[in-house]
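Novice: Structure file work14.csv (CSV, C-alpha atoms and all ligand atoms) right here:
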chain,number,residue,atom,x,y,z
T,1,MET,CA,-9.0,-19.3,7.6
T,2,ALA,CA,-6.8,-21.6,9.5
T,3,THR,CA,-4.6,-20.1,12.2
T,4,THR,CA,-1.0,-20.4,11.3
T,5,ASP,CA,2.0,-21.2,13.5
T,6,GLU,CA,3.1,-17.5,13.3
T,7,GLU,CA,-0.3,-16.5,14.5
T,8,ARG,CA,-0.4,-19.0,17.3
T,9,ASP,CA,2.9,-17.6,18.4
T,10,ILE,CA,1.5,-14.0,18.3
T,11,ILE,CA,-1.4,-15.1,20.5
T,12,ARG,CA,1.0,-16.7,23.0
T,13,GLN,CA,3.1,-13.6,23.2
T,14,ILE,CA,0.0,-11.3,23.5
T,15,LEU,CA,-1.4,-13.5,26.3
T,16,ASP,CA,1.9,-13.4,28.1
T,17,LEU,CA,2.2,-9.6,27.7
T,18,THR,CA,-1.3,-8.9,29.0
T,19,GLU,CA,-0.7,-11.3,32.0
T,20,ARG,CA,2.4,-9.3,32.9
T,21,ASN,CA,0.5,-6.1,32.3
T,22,THR,CA,3.0,-4.8,29.8
T,23,THR,CA,3.4,-4.6,26.0
T,24,GLN,CA,6.2,-5.3,23.5
T,25,GLN,CA,9.0,-2.8,23.7
T,26,LEU,CA,12.3,-2.1,22.0
T,27,ASP,CA,15.4,-1.3,23.9
T,28,GLY,CA,15.2,2.5,24.0
T,29,VAL,CA,13.4,5.6,22.8
T,30,MET,CA,14.4,6.9,19.5
T,31,ALA,CA,14.9,10.6,18.7
T,32,ASN,CA,14.1,11.2,15.1
T,33,PRO,CA,15.4,14.5,13.6
T,34,VAL,CA,12.6,16.7,12.2
T,35,THR,CA,14.8,17.3,9.2
T,36,ASN,CA,13.9,13.7,8.2
T,37,TYR,CA,10.5,15.2,7.4
T,38,THR,CA,11.5,18.7,6.2
T,39,ASP,CA,14.7,18.4,4.2
T,40,PRO,CA,13.9,19.1,0.5
T,41,ALA,CA,16.9,17.2,-0.7
T,42,ARG,CA,15.9,14.2,1.4
T,43,PHE,CA,12.4,14.4,0.0
T,44,GLU,CA,13.7,14.2,-3.6
T,45,ARG,CA,15.7,11.1,-2.7
T,46,GLU,CA,12.7,9.5,-1.1
T,47,VAL,CA,10.8,9.9,-4.3
T,48,ALA,CA,13.7,8.8,-6.5
T,49,VAL,CA,14.5,5.7,-4.4
T,50,LEU,CA,11.4,4.7,-2.3
T,51,PHE,CA,8.8,5.6,-4.9
T,52,ARG,CA,10.6,4.6,-8.0
T,53,GLN,CA,12.6,1.5,-7.1
T,54,PHE,CA,10.1,-0.4,-5.0
T,55,PRO,CA,6.7,-2.0,-5.7
T,56,LEU,CA,3.5,0.0,-5.1
T,57,VAL,CA,0.0,-1.4,-5.0
T,58,ILE,CA,-2.0,0.5,-7.6
T,59,ALA,CA,-5.1,-1.7,-8.2
T,60,HIS,CA,-7.0,-4.9,-7.4
T,61,ALA,CA,-6.9,-7.8,-9.8
T,62,SER,CA,-10.6,-7.3,-10.6
T,63,ASP,CA,-9.7,-3.9,-12.1
T,64,LEU,CA,-8.1,-6.0,-14.9
T,65,ALA,CA,-10.4,-8.9,-15.0
T,66,SER,CA,-10.4,-9.7,-18.7
T,67,ALA,CA,-8.0,-9.6,-21.6
T,68,GLY,CA,-7.9,-6.0,-22.9
T,69,ASP,CA,-8.9,-4.4,-19.7
T,70,PHE,CA,-6.7,-1.4,-18.9
T,71,ILE,CA,-6.3,1.3,-16.3
T,72,THR,CA,-4.2,4.4,-16.3
T,73,HIS,CA,-2.6,5.6,-13.1
T,74,ASP,CA,-0.9,9.0,-12.5
T,75,GLU,CA,-0.8,9.5,-8.7
T,76,THR,CA,2.8,8.2,-8.3
T,77,GLY,CA,3.9,11.1,-10.4
T,78,VAL,CA,4.6,8.7,-13.3
T,79,PRO,CA,1.9,8.3,-16.0
T,80,MET,CA,1.3,4.6,-16.3
T,81,LEU,CA,-0.9,2.4,-18.5
T,82,VAL,CA,-1.6,-1.1,-17.1
T,83,THR,CA,-3.2,-3.8,-19.2
T,84,ARG,CA,-4.3,-7.4,-19.1
T,85,THR,CA,-2.7,-9.0,-22.2
T,86,GLY,CA,-4.3,-11.6,-24.4
T,87,GLU,CA,-2.2,-14.3,-22.5
T,88,GLY,CA,-3.7,-13.1,-19.2
T,89,SER,CA,-0.6,-11.5,-17.7
T,90,VAL,CA,-0.5,-8.0,-16.3
T,91,LYS,CA,1.8,-5.5,-18.0
T,92,ALA,CA,2.5,-1.9,-17.2
T,93,TYR,CA,3.9,0.8,-19.5
T,94,LEU,CA,4.8,4.4,-19.3
T,95,ASN,CA,1.7,6.1,-20.8
T,96,VAL,CA,4.0,8.1,-23.1
T,97,CYS,CA,4.0,7.9,-26.9
T,98,ARG,CA,7.3,6.9,-28.5
T,99,HIS,CA,6.7,9.3,-31.4
T,100,ARG,CA,6.8,12.7,-29.7
T,101,GLY,CA,5.7,11.9,-26.1
T,102,ALA,CA,1.9,12.5,-26.0
T,103,ARG,CA,-0.2,10.7,-23.4
T,104,VAL,CA,-1.3,7.5,-25.3
T,105,GLU,CA,-4.4,6.6,-23.3
T,106,GLY,CA,-6.6,9.3,-21.8
T,107,GLU,CA,-9.3,7.2,-20.1
T,108,ALA,CA,-9.1,6.1,-16.5
T,109,CYS,CA,-10.1,2.6,-17.4
T,110,GLY,CA,-11.7,0.5,-20.2
T,111,ASN,CA,-11.2,-2.4,-22.5
T,112,SER,CA,-9.3,-2.2,-25.8
T,113,ARG,CA,-7.1,-4.2,-28.1
T,114,ARG,CA,-5.2,-1.2,-29.3
T,115,PHE,CA,-4.0,2.1,-27.8
T,116,THR,CA,-4.0,4.9,-30.3
T,117,CYS,CA,-2.1,8.1,-29.5
T,118,PRO,CA,-4.4,11.1,-30.0
T,119,TYR,CA,-1.7,13.2,-31.5
T,120,HIS,CA,-0.7,11.4,-34.7
T,121,ALA,CA,-2.5,8.1,-34.1
T,122,TRP,CA,0.5,5.8,-33.7
T,123,ASN,CA,-1.0,2.7,-32.2
T,124,TYR,CA,0.2,0.0,-29.8
T,125,ASP,CA,-1.2,-3.4,-28.9
T,126,LEU,CA,-1.7,-4.8,-25.4
T,127,ASP,CA,1.9,-5.9,-25.3
T,128,GLY,CA,3.0,-2.4,-25.9
T,129,THR,CA,4.3,-3.1,-29.4
T,130,LEU,CA,4.0,-0.3,-32.0
T,131,VAL,CA,1.7,-1.9,-34.5
T,132,GLY,CA,0.7,0.9,-36.8
T,133,MET,CA,0.9,4.5,-37.8
T,134,PRO,CA,-0.8,6.7,-40.5
T,135,GLN,CA,1.3,7.4,-43.6
T,136,PRO,CA,4.3,5.3,-42.5
T,137,PHE,CA,6.3,6.3,-45.5
T,138,GLY,CA,7.7,9.2,-43.5
T,139,PHE,CA,9.2,6.8,-40.9
T,140,GLU,CA,10.4,4.0,-43.1
T,141,SER,CA,13.9,4.0,-41.8
T,142,ILE,CA,13.1,3.6,-38.1
T,143,ASP,CA,13.3,0.3,-36.2
T,144,ARG,CA,9.7,-0.1,-35.1
T,145,SER,CA,10.6,-2.8,-32.5
T,146,ALA,CA,12.7,-0.1,-30.7
T,147,HIS,CA,9.6,2.1,-30.4
T,148,SER,CA,7.4,-0.1,-28.2
T,149,LEU,CA,5.9,1.5,-25.2
T,150,VAL,CA,8.4,1.5,-22.3
T,151,GLU,CA,7.6,-1.4,-20.0
T,152,LEU,CA,7.6,-1.1,-16.1
T,153,PRO,CA,7.9,-4.1,-13.8
T,154,ALA,CA,4.3,-5.2,-12.9
T,155,PHE,CA,3.1,-8.1,-10.8
T,156,GLU,CA,-0.1,-9.7,-9.8
T,157,ARG,CA,0.3,-11.1,-6.3
T,158,PHE,CA,-2.2,-11.6,-3.4
T,159,GLY,CA,-5.0,-10.4,-5.8
T,160,LEU,CA,-3.3,-7.0,-6.0
T,161,ILE,CA,-1.5,-5.3,-8.9
T,162,TRP,CA,2.0,-4.0,-8.0
T,163,VAL,CA,4.1,-1.7,-10.2
T,164,VAL,CA,7.7,-0.4,-9.8
T,165,PRO,CA,7.2,3.0,-11.3
T,166,SER,CA,10.5,3.3,-13.2
T,167,ARG,CA,12.2,1.5,-16.1
T,168,GLN,CA,14.4,-1.3,-14.8
T,169,ASP,CA,17.2,-3.1,-16.6
T,170,ARG,CA,17.1,-6.1,-14.4
T,171,ASP,CA,14.6,-8.7,-13.2
T,172,ILE,CA,12.7,-7.8,-10.1
T,173,ASP,CA,12.0,-10.6,-7.7
T,174,LEU,CA,8.6,-9.6,-6.2
T,175,ALA,CA,8.0,-13.1,-4.8
T,176,GLY,CA,11.2,-12.9,-2.8
T,177,TRP,CA,10.5,-9.3,-1.7
T,178,VAL,CA,7.2,-10.2,-0.1
T,179,ALA,CA,8.1,-13.8,1.0
T,180,PRO,CA,8.0,-13.1,4.7
T,181,LEU,CA,4.4,-12.0,4.5
T,182,GLU,CA,3.4,-14.6,1.9
T,183,GLU,CA,1.7,-17.2,4.1
T,184,HIS,CA,-0.4,-14.5,5.8
T,185,LEU,CA,-1.3,-12.5,2.7
T,186,ASP,CA,-1.9,-15.5,0.5
T,187,GLY,CA,-4.3,-16.9,3.1
T,188,LEU,CA,-6.5,-13.9,2.8
T,189,ASP,CA,-7.7,-14.8,-0.8
T,190,LEU,CA,-7.9,-11.2,-1.7
T,191,GLY,CA,-8.1,-12.1,-5.4
T,192,ASP,CA,-11.5,-13.5,-4.7
T,193,HIS,CA,-12.6,-10.4,-2.8
T,194,VAL,CA,-14.6,-7.6,-4.4
T,195,ILE,CA,-14.0,-3.9,-4.0
T,196,PHE,CA,-16.9,-2.5,-1.9
T,197,ARG,CA,-15.5,1.1,-1.9
T,198,ARG,CA,-12.5,2.8,-3.2
T,199,TRP,CA,-11.3,6.3,-2.4
T,200,SER,CA,-8.4,8.7,-2.9
T,201,LEU,CA,-7.7,11.7,-0.8
T,202,GLU,CA,-5.3,14.6,-1.3
T,203,LYS,CA,-3.8,15.5,2.1
T,204,GLN,CA,-1.8,18.5,3.2
T,205,MET,CA,0.7,16.4,5.0
T,206,SER,CA,3.9,14.6,4.3
T,207,TRP,CA,3.5,11.0,3.2
T,208,ARG,CA,5.5,10.1,6.3
T,209,PHE,CA,2.8,11.3,8.7
T,210,VAL,CA,0.1,9.3,6.8
T,211,VAL,CA,2.3,6.1,7.0
T,212,GLU,CA,3.1,6.7,10.7
T,213,ALA,CA,-0.6,6.7,11.6
T,214,PHE,CA,-0.6,3.0,10.8
T,215,GLN,CA,2.7,2.1,12.6
T,216,GLU,CA,1.6,2.2,16.3
T,217,CYS,CA,-1.6,1.8,18.3
T,218,TYR,CA,-0.5,4.0,21.2
T,219,HIS,CA,-2.8,6.7,19.8
T,220,PHE,CA,-6.0,4.6,19.5
T,221,CYS,CA,-7.5,5.6,22.8
T,222,SER,CA,-6.8,9.3,22.5
T,223,ALA,CA,-7.1,10.1,18.8
T,224,HIS,CA,-9.8,7.6,18.3
T,225,ARG,CA,-11.4,7.8,21.8
T,226,ASP,CA,-15.0,7.6,20.6
T,227,THR,CA,-14.4,5.3,17.6
T,228,ALA,CA,-11.6,2.6,17.4
T,229,CYS,CA,-10.5,2.8,21.1
T,230,SER,CA,-13.0,0.4,22.5
T,231,ASN,CA,-12.5,-2.1,19.7
T,232,TYR,CA,-8.9,-3.0,20.8
T,233,LEU,CA,-6.9,-3.7,23.9
T,234,ASP,CA,-5.4,-0.3,24.9
T,235,ASN,CA,-1.8,0.0,23.6
T,236,GLN,CA,-1.4,-3.7,23.3
T,237,SER,CA,0.1,-5.2,20.2
T,238,LEU,CA,2.9,-7.2,18.6
T,239,PHE,CA,5.2,-6.1,15.8
T,240,LEU,CA,6.7,-8.8,13.8
T,241,HIS,CA,9.7,-7.3,12.0
T,242,HIS,CA,10.0,-9.0,8.6
T,243,GLY,CA,12.6,-6.4,7.7
T,244,PRO,CA,11.8,-4.0,6.0
T,245,HIS,CA,8.1,-5.1,6.2
T,246,VAL,CA,6.2,-5.2,9.5
T,247,ARG,CA,3.3,-7.3,10.6
T,248,HIS,CA,1.5,-5.4,13.4
T,249,ALA,CA,-1.0,-7.5,15.2
T,250,VAL,CA,-3.5,-5.7,17.4
T,251,PRO,CA,-5.7,-7.8,19.7
T,252,LEU,CA,-9.4,-7.2,20.1
T,253,PRO,CA,-10.6,-7.1,23.8
T,254,GLN,CA,-11.9,-10.6,23.6
T,255,ALA,CA,-8.5,-12.0,22.6
T,256,ILE,CA,-7.6,-12.4,26.2
T,257,GLU,CA,-10.3,-15.1,26.5
T,258,LEU,CA,-8.2,-17.3,24.2
T,259,ARG,CA,-6.2,-18.3,27.2
T,260,ASP,CA,-9.1,-20.4,28.3
T,261,GLN,CA,-9.2,-22.3,25.0
T,262,PRO,CA,-6.9,-25.1,23.7
T,263,GLU,CA,-4.3,-23.8,21.3
T,264,GLU,CA,-5.7,-26.0,18.5
T,265,GLN,CA,-9.0,-24.1,18.6
T,266,TRP,CA,-7.5,-20.7,18.5
T,267,ASP,CA,-8.9,-18.4,15.9
T,268,PHE,CA,-6.5,-15.6,15.1
T,269,ARG,CA,-8.5,-13.7,12.5
T,270,GLY,CA,-11.6,-13.3,14.7
T,271,ASN,CA,-9.6,-11.9,17.5
T,272,PHE,CA,-7.1,-9.6,15.9
T,273,MET,CA,-6.7,-6.6,13.5
T,274,THR,CA,-3.5,-6.7,11.5
T,275,GLN,CA,-1.7,-3.8,9.9
T,276,ASN,CA,0.8,-5.2,7.4
T,277,TYR,CA,3.3,-2.6,6.3
T,278,VAL,CA,4.8,-3.6,3.0
T,279,PHE,CA,7.7,-1.2,2.4
T,280,PRO,CA,7.8,1.6,1.4
T,281,ALA,CA,4.2,2.8,1.7
T,282,ASN,CA,1.7,-0.1,1.2
T,283,PHE,CA,-0.6,-1.4,3.8
T,284,VAL,CA,-2.8,-4.5,3.9
T,285,GLN,CA,-5.0,-3.9,6.9
T,286,VAL,CA,-6.8,-7.0,7.9
T,287,MET,CA,-10.0,-6.7,9.9
T,288,THR,CA,-11.9,-9.8,11.2
T,289,ASP,CA,-14.0,-10.1,8.1
T,290,HIS,CA,-12.7,-7.6,5.5
T,291,VAL,CA,-9.6,-5.9,4.4
T,292,TYR,CA,-8.3,-2.4,3.6
T,293,VAL,CA,-5.5,-2.0,1.1
T,294,HIS,CA,-3.9,1.4,1.2
T,295,THR,CA,-1.0,3.1,-0.5
T,296,VAL,CA,0.5,6.5,0.4
T,297,LEU,CA,2.0,8.5,-2.4
T,298,PRO,CA,4.0,11.8,-2.0
T,299,THR,CA,3.0,14.7,-4.2
T,300,GLY,CA,5.3,17.3,-2.5
T,301,PRO,CA,7.4,17.7,0.7
T,302,GLY,CA,4.2,18.4,2.6
T,303,THR,CA,1.5,16.9,0.5
T,304,SER,CA,0.4,13.4,-0.3
T,305,ILE,CA,-2.3,11.2,-1.7
T,306,PHE,CA,-3.9,8.4,0.3
T,307,GLN,CA,-5.4,5.7,-1.9
T,308,CYS,CA,-7.6,3.0,-0.3
T,309,MET,CA,-9.7,0.0,-1.3
T,310,MET,CA,-12.1,-1.7,1.0
T,311,LEU,CA,-12.2,-5.4,0.0
T,312,ILE,CA,-15.0,-7.7,1.1
T,313,PRO,CA,-15.4,-11.4,0.5
T,314,GLU,CA,-18.3,-11.2,-1.9
T,315,THR,CA,-20.8,-8.7,-3.5
T,316,PRO,CA,-23.4,-7.9,-0.9
T,317,ALA,CA,-26.4,-10.1,-1.7
T,318,THR,CA,-29.0,-8.4,0.5
T,319,GLU,CA,-29.8,-4.9,1.7
T,320,LYS,CA,-28.8,-6.0,5.2
T,321,ALA,CA,-25.4,-7.0,3.9
T,322,GLU,CA,-25.0,-3.7,2.1
T,323,ARG,CA,-25.9,-1.8,5.2
T,324,TYR,CA,-23.4,-3.8,7.3
T,325,TRP,CA,-20.5,-3.1,5.0
T,326,GLN,CA,-21.6,0.5,4.5
T,327,LYS,CA,-21.5,1.0,8.3
T,328,ASN,CA,-18.0,-0.5,8.4
T,329,TYR,CA,-17.0,1.9,5.6
T,330,ASP,CA,-18.4,4.9,7.4
T,331,VAL,CA,-16.6,4.0,10.6
T,332,ILE,CA,-13.2,3.5,8.9
T,333,ARG,CA,-13.6,6.8,7.0
T,334,THR,CA,-14.2,8.6,10.3
T,335,VAL,CA,-11.2,6.8,12.0
T,336,PHE,CA,-8.9,7.6,9.1
T,337,ASP,CA,-10.1,11.2,9.1
T,338,GLU,CA,-9.2,11.5,12.8
T,339,ASP,CA,-5.7,10.4,11.9
T,340,PHE,CA,-5.4,12.8,8.9
T,341,ALA,CA,-6.7,15.8,10.9
T,342,ILE,CA,-3.9,15.2,13.4
T,343,GLY,CA,-1.3,14.6,10.6
T,344,GLU,CA,-2.2,17.9,8.9
T,345,GLY,CA,-1.9,19.6,12.2
T,346,ILE,CA,1.6,18.2,12.6
T,347,GLN,CA,2.5,19.4,9.1
T,348,GLN,CA,1.4,23.0,10.1
T,349,GLY,CA,3.6,23.0,13.2
T,350,LEU,CA,6.5,21.4,11.4
T,351,GLY,CA,8.3,24.6,10.4
T,352,THR,CA,7.9,26.4,13.7
T,353,GLY,CA,11.1,25.0,15.3
T,354,ALA,CA,9.2,23.7,18.3
T,355,ASN,CA,10.8,20.4,17.8
T,356,ASP,CA,14.2,19.5,16.5
T,357,HIS,CA,13.3,15.9,16.8
T,358,PHE,CA,10.3,13.6,17.5
T,359,VAL,CA,10.4,11.0,20.2
T,360,PHE,CA,9.4,7.4,19.4
T,361,GLY,CA,8.5,5.5,22.6
T,362,THR,CA,9.8,2.1,23.3
T,363,TYR,CA,6.4,0.5,22.3
T,364,GLU,CA,6.0,2.6,19.1
T,365,CYS,CA,8.0,-0.2,17.4
T,366,GLY,CA,6.6,0.3,13.9
T,367,LEU,CA,7.9,3.9,13.9
T,368,HIS,CA,11.4,2.7,14.8
T,369,HIS,CA,11.4,-0.1,12.2
T,370,GLY,CA,9.9,2.3,9.5
T,371,GLN,CA,12.4,5.0,10.0
T,372,ARG,CA,15.3,2.6,9.9
T,373,ALA,CA,14.0,0.9,6.8
T,374,ILE,CA,13.7,4.3,5.0
T,375,ASP,CA,17.3,5.2,6.1
T,376,ASP,CA,18.5,1.8,4.9
T,377,ALA,CA,16.9,2.2,1.5
T,378,LEU,CA,18.1,5.7,1.0
T,379,ALA,CA,21.6,4.5,1.9
T,380,GLY,CA,21.4,1.6,-0.5
T,381,ARG,CA,21.4,-1.0,2.2
T,382,ILE,CA,17.9,-2.3,1.1
T,383,SER,CA,17.0,-3.0,-2.5
T,384,LEU,CA,14.8,-5.3,-4.4
R,401,LIG,S1,3.1,11.8,-30.2
R,401,LIG,FE1,1.9,10.0,-30.4
R,401,LIG,S2,1.6,9.7,-32.5
R,401,LIG,FE2,2.7,11.6,-32.4
R,402,FE,FE,-5.2,6.0,13.8
Can you turn what I pasted into structure tokens?
Specialist:
Amino acid sequence: MATTDEERDIIRQILDLTERNTTQQLDGVMANPVTNYTDPARFEREVAVLFRQFPLVIAHASDLASAGDFITHDETGVPMLVTRTGEGSVKAYLNVCRHRGARVEGEACGNSRRFTCPYHAWNYDLDGTLVGMPQPFGFESIDRSAHSLVELPAFERFGLIWVVPSRQDRDIDLAGWVAPLEEHLDGLDLGDHVIFRRWSLEKQMSWRFVVEAFQECYHFCSAHRDTACSNYLDNQSLFLHHGPHVRHAVPLPQAIELRDQPEEQWDFRGNFMTQNYVFPANFVQVMTDHVYVHTVLPTGPGTSIFQCMMLIPETPATEKAERYWQKNYDVIRTVFDEDFAIGEGIQQGLGTGANDHFVFGTYECGLHHGQRAIDDALAGRISL
């Protein structure tokens, strides 16, 4: 993958920072009130705004490879049915029957031309249209076209399936929303990748603490002392604020050798790990040769679900390749578990009153940007 101008600029800045023995910093520390994590009213607003009005990644394009493929998804708190239509587009619906509200599709995934409600067998096609019911003489006066499944905004972009989990009366411009990350994410060809592993974890911690684990690298050499620490320069990284999204580029140790190479030969991907935060809770974490896509979903004020896909360029053709990717998978599970153990510990201490605020250091830039973006969205200053 060719190194872009943005990436060349990242490399220049990282080389400059390492030469000056410093790292990127914001103007001051930030005191973040602990009530931002504990206030139940605030939590309800977070769900209603952040997790209902913005796009969340719920699947990979390969989950809906063919016409008629469908998945159901419930972890956002909204029962959804997502299909690939006959015309090849992706559509999402509330998985709720328009007769008397039963769950229309019960399977996690499959292929079907019709969705038949188990209660009284009203049935819907891939476009969500109500196409049949037993003994229709009892419903002759209803307008069938007004009883289609309720559609949710759904998009296929960067090989990922995105859904806004609430009915919208307006057009959503997903392309505009992700435009600042477009060049980078498009270049990854994630649509041609395959899912090597996929996992979903229920965590006893606020969704905020899961997200924050991916918004700074200050913790790498303490929390990941025996795992990720040695893979990266210590507390060295660059945050590109594509408000409200953030591209966080973390150099591998050998990145400093780029200073001895002509810029035209610079290879960004081979020398950096990138954590792309796509507001409000999606991450595309780009490793040198594979990618993790994760989404964090709140299930309560102090509980959340972490959903992750490990995407690799092609199905492993040999046992050696299989072992290689499995090793990567084992390591990332260990690293993430190190983060989650700490996050669950934070959650346990949250109500003690030990802190009335948390302190974000000057170089924990992603935490500053993240908190401000959440505040902006809750105040209506950011919308799609
Ligand atoms: S609730 Fe679905 S057919 Fe009656
Ligand atoms: Fe971590």
Novice: Please identify all polymer residues lying at most 10 Å from the point (-2.9, 13.3, 11.2) (file coordinates), using only C-alpha atoms, and present the result as JSON, numbers by chain.
Specialist: {"T": [203, 204, 205, 206, 209, 210, 211, 212, 213, 223, 336, 337, 338, 339, 340, 341, 342, 343, 344, 345, 346, 347]}
Novice: What separation in Å, quoted to one decimal, exists between CA of Thr299 (chain T) and CA of Ala379 (chain T)?
Specialist: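 About the pair CA of Thr299 (chain T) and CA of Ala379 (chain T): they are 22.1 Å apart.
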Novice: Against ligand LIG 401 (chain R), which residues of chain T fall within 10 Å? For each one I want the closest pair of atoms and the distance in Å (one decimal), counting only C-alpha atoms and all ligand atoms, rows by chain and increasing residue number, as JSON lines.
Specialist:
{"residue": "T:Val96", "atom": "CA", "partner": "R:LIG401", "partner_atom": "FE1", "distance": 7.8}
{"residue": "T:Cys97", "atom": "CA", "partner": "R:LIG401", "partner_atom": "FE1", "distance": 4.6}
{"residue": "T:Arg98", "atom": "CA", "partner": "R:LIG401", "partner_atom": "FE1", "distance": 6.5}
{"residue": "T:His99", "atom": "CA", "partner": "R:LIG401", "partner_atom": "S1", "distance": 4.5}
{"residue": "T:Arg100", "atom": "CA", "partner": "R:LIG401", "partner_atom": "S1", "distance": 3.8}
{"residue": "T:Gly101", "atom": "CA", "partner": "R:LIG401", "partner_atom": "S1", "distance": 4.9}
{"residue": "T:Ala102", "atom": "CA", "partner": "R:LIG401", "partner_atom": "S1", "distance": 4.4}
{"residue": "T:Arg103", "atom": "CA", "partner": "R:LIG401", "partner_atom": "FE1", "distance": 7.3}
{"residue": "T:Val104", "atom": "CA", "partner": "R:LIG401", "partner_atom": "FE1", "distance": 6.5}
{"residue": "T:Thr116", "atom": "CA", "partner": "R:LIG401", "partner_atom": "S2", "distance": 7.7}
{"residue": "T:Cys117", "atom": "CA", "partner": "R:LIG401", "partner_atom": "FE1", "distance": 4.5}
{"residue": "T:Pro118", "atom": "CA", "partner": "R:LIG401", "partner_atom": "FE1", "distance": 6.4}
{"residue": "T:Tyr119", "atom": "CA", "partner": "R:LIG401", "partner_atom": "FE2", "distance": 4.8}
{"residue": "T:His120", "atom": "CA", "partner": "R:LIG401", "partner_atom": "S2", "distance": 3.6}
{"residue": "T:Ala121", "atom": "CA", "partner": "R:LIG401", "partner_atom": "S2", "distance": 4.7}
{"residue": "T:Trp122", "atom": "CA", "partner": "R:LIG401", "partner_atom": "S2", "distance": 4.2}
{"residue": "T:Asn123", "atom": "CA", "partner": "R:LIG401", "partner_atom": "S2", "distance": 7.5}
{"residue": "T:Gly132", "atom": "CA", "partner": "R:LIG401", "partner_atom": "S2", "distance": 9.8}
{"residue": "T:Met133", "atom": "CA", "partner": "R:LIG401", "partner_atom": "S2", "distance": 7.5}
{"residue": "T:Pro134", "atom": "CA", "partner": "R:LIG401", "partner_atom": "S2", "distance": 8.9}
Novice: Would you list the residues near (-13.4, -9.1, 13.5), meaning any protein, DNA or RNA residue with an atom at most 12 Å from that point in file coordinates, counting all atoms listed in the file, as a list in words?
Specialist: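 Residues lying no farther than 12 Å from the given point: Asn231, Tyr232, Val250, Pro251, Leu252, Pro253, Gln254, Ala255, Asp267, Phe268, Arg269, Gly270, Asn271, Phe272, Met273, Thr274, Gln285, Val286, Met287, Thr288, Asp289, His290, Val291 and Asn328 of chain T.
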Novice: Mind giving me the straight-line distance from CA of Leu94 (chain T) to CA of Phe54 (chain T) in Å, one decimal?
Specialist: 16.0 Å
Novice: Out of T:Leu50, T:Ile312, T:Cys229, T:Ile14, which residue has the shortest atom-to-atom distance to ligand FE 402 (chain R) when counting all atoms listed in the file?
Specialist: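 Looking only at the distances to ligand FE 402 (chain R), the closest residue turns out to be T:Cys229.
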Novice: Ranking T:Arg198, T:His368, T:Lys320, T:Arg225 by minimum distance to ligand FE 402 (chain R) and counting only C-alpha atoms and all ligand atoms, which one comes first?
Specialist: T:Arg225
Novice: CA of Leu181 (chain T) and CA of Gln24 (chain T), how far apart in Å?
Specialist: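 One can read the CA of Gln24 (chain T) to CA of Leu181 (chain T) distance as 20.2 Å.
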Novice: Measuring atom to atom with all atoms listed in the file, identify which of T:Phe139, T:Phe155, T:Ser304, T:His224 is nearest to ligand FE 402 (chain R).
Specialist: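 That would be T:His224, the residue with the smallest distance to ligand FE 402 (chain R).
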Novice: So that I can check the surroundings of Arg144 (chain T), please list as a PyMOL selection string every protein, DNA and RNA residue that reaches within 10 Å of it, counting all atoms listed in the file and ignoring chain neighbours fewer than 2 positions away.
Specialist: chain T and resi 98+129-132+139-142+146-148
Novice: Pick the closest to Ala373 (chain T) from T:His241, T:Met30, T:Phe70, T:Val78: which is it, counting all atoms listed in the file?
Specialist: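 Checking each of T:His241, T:Met30, T:Phe70, T:Val78 against Ala373 (chain T), counting all atoms listed in the file, the winner is T:His241.
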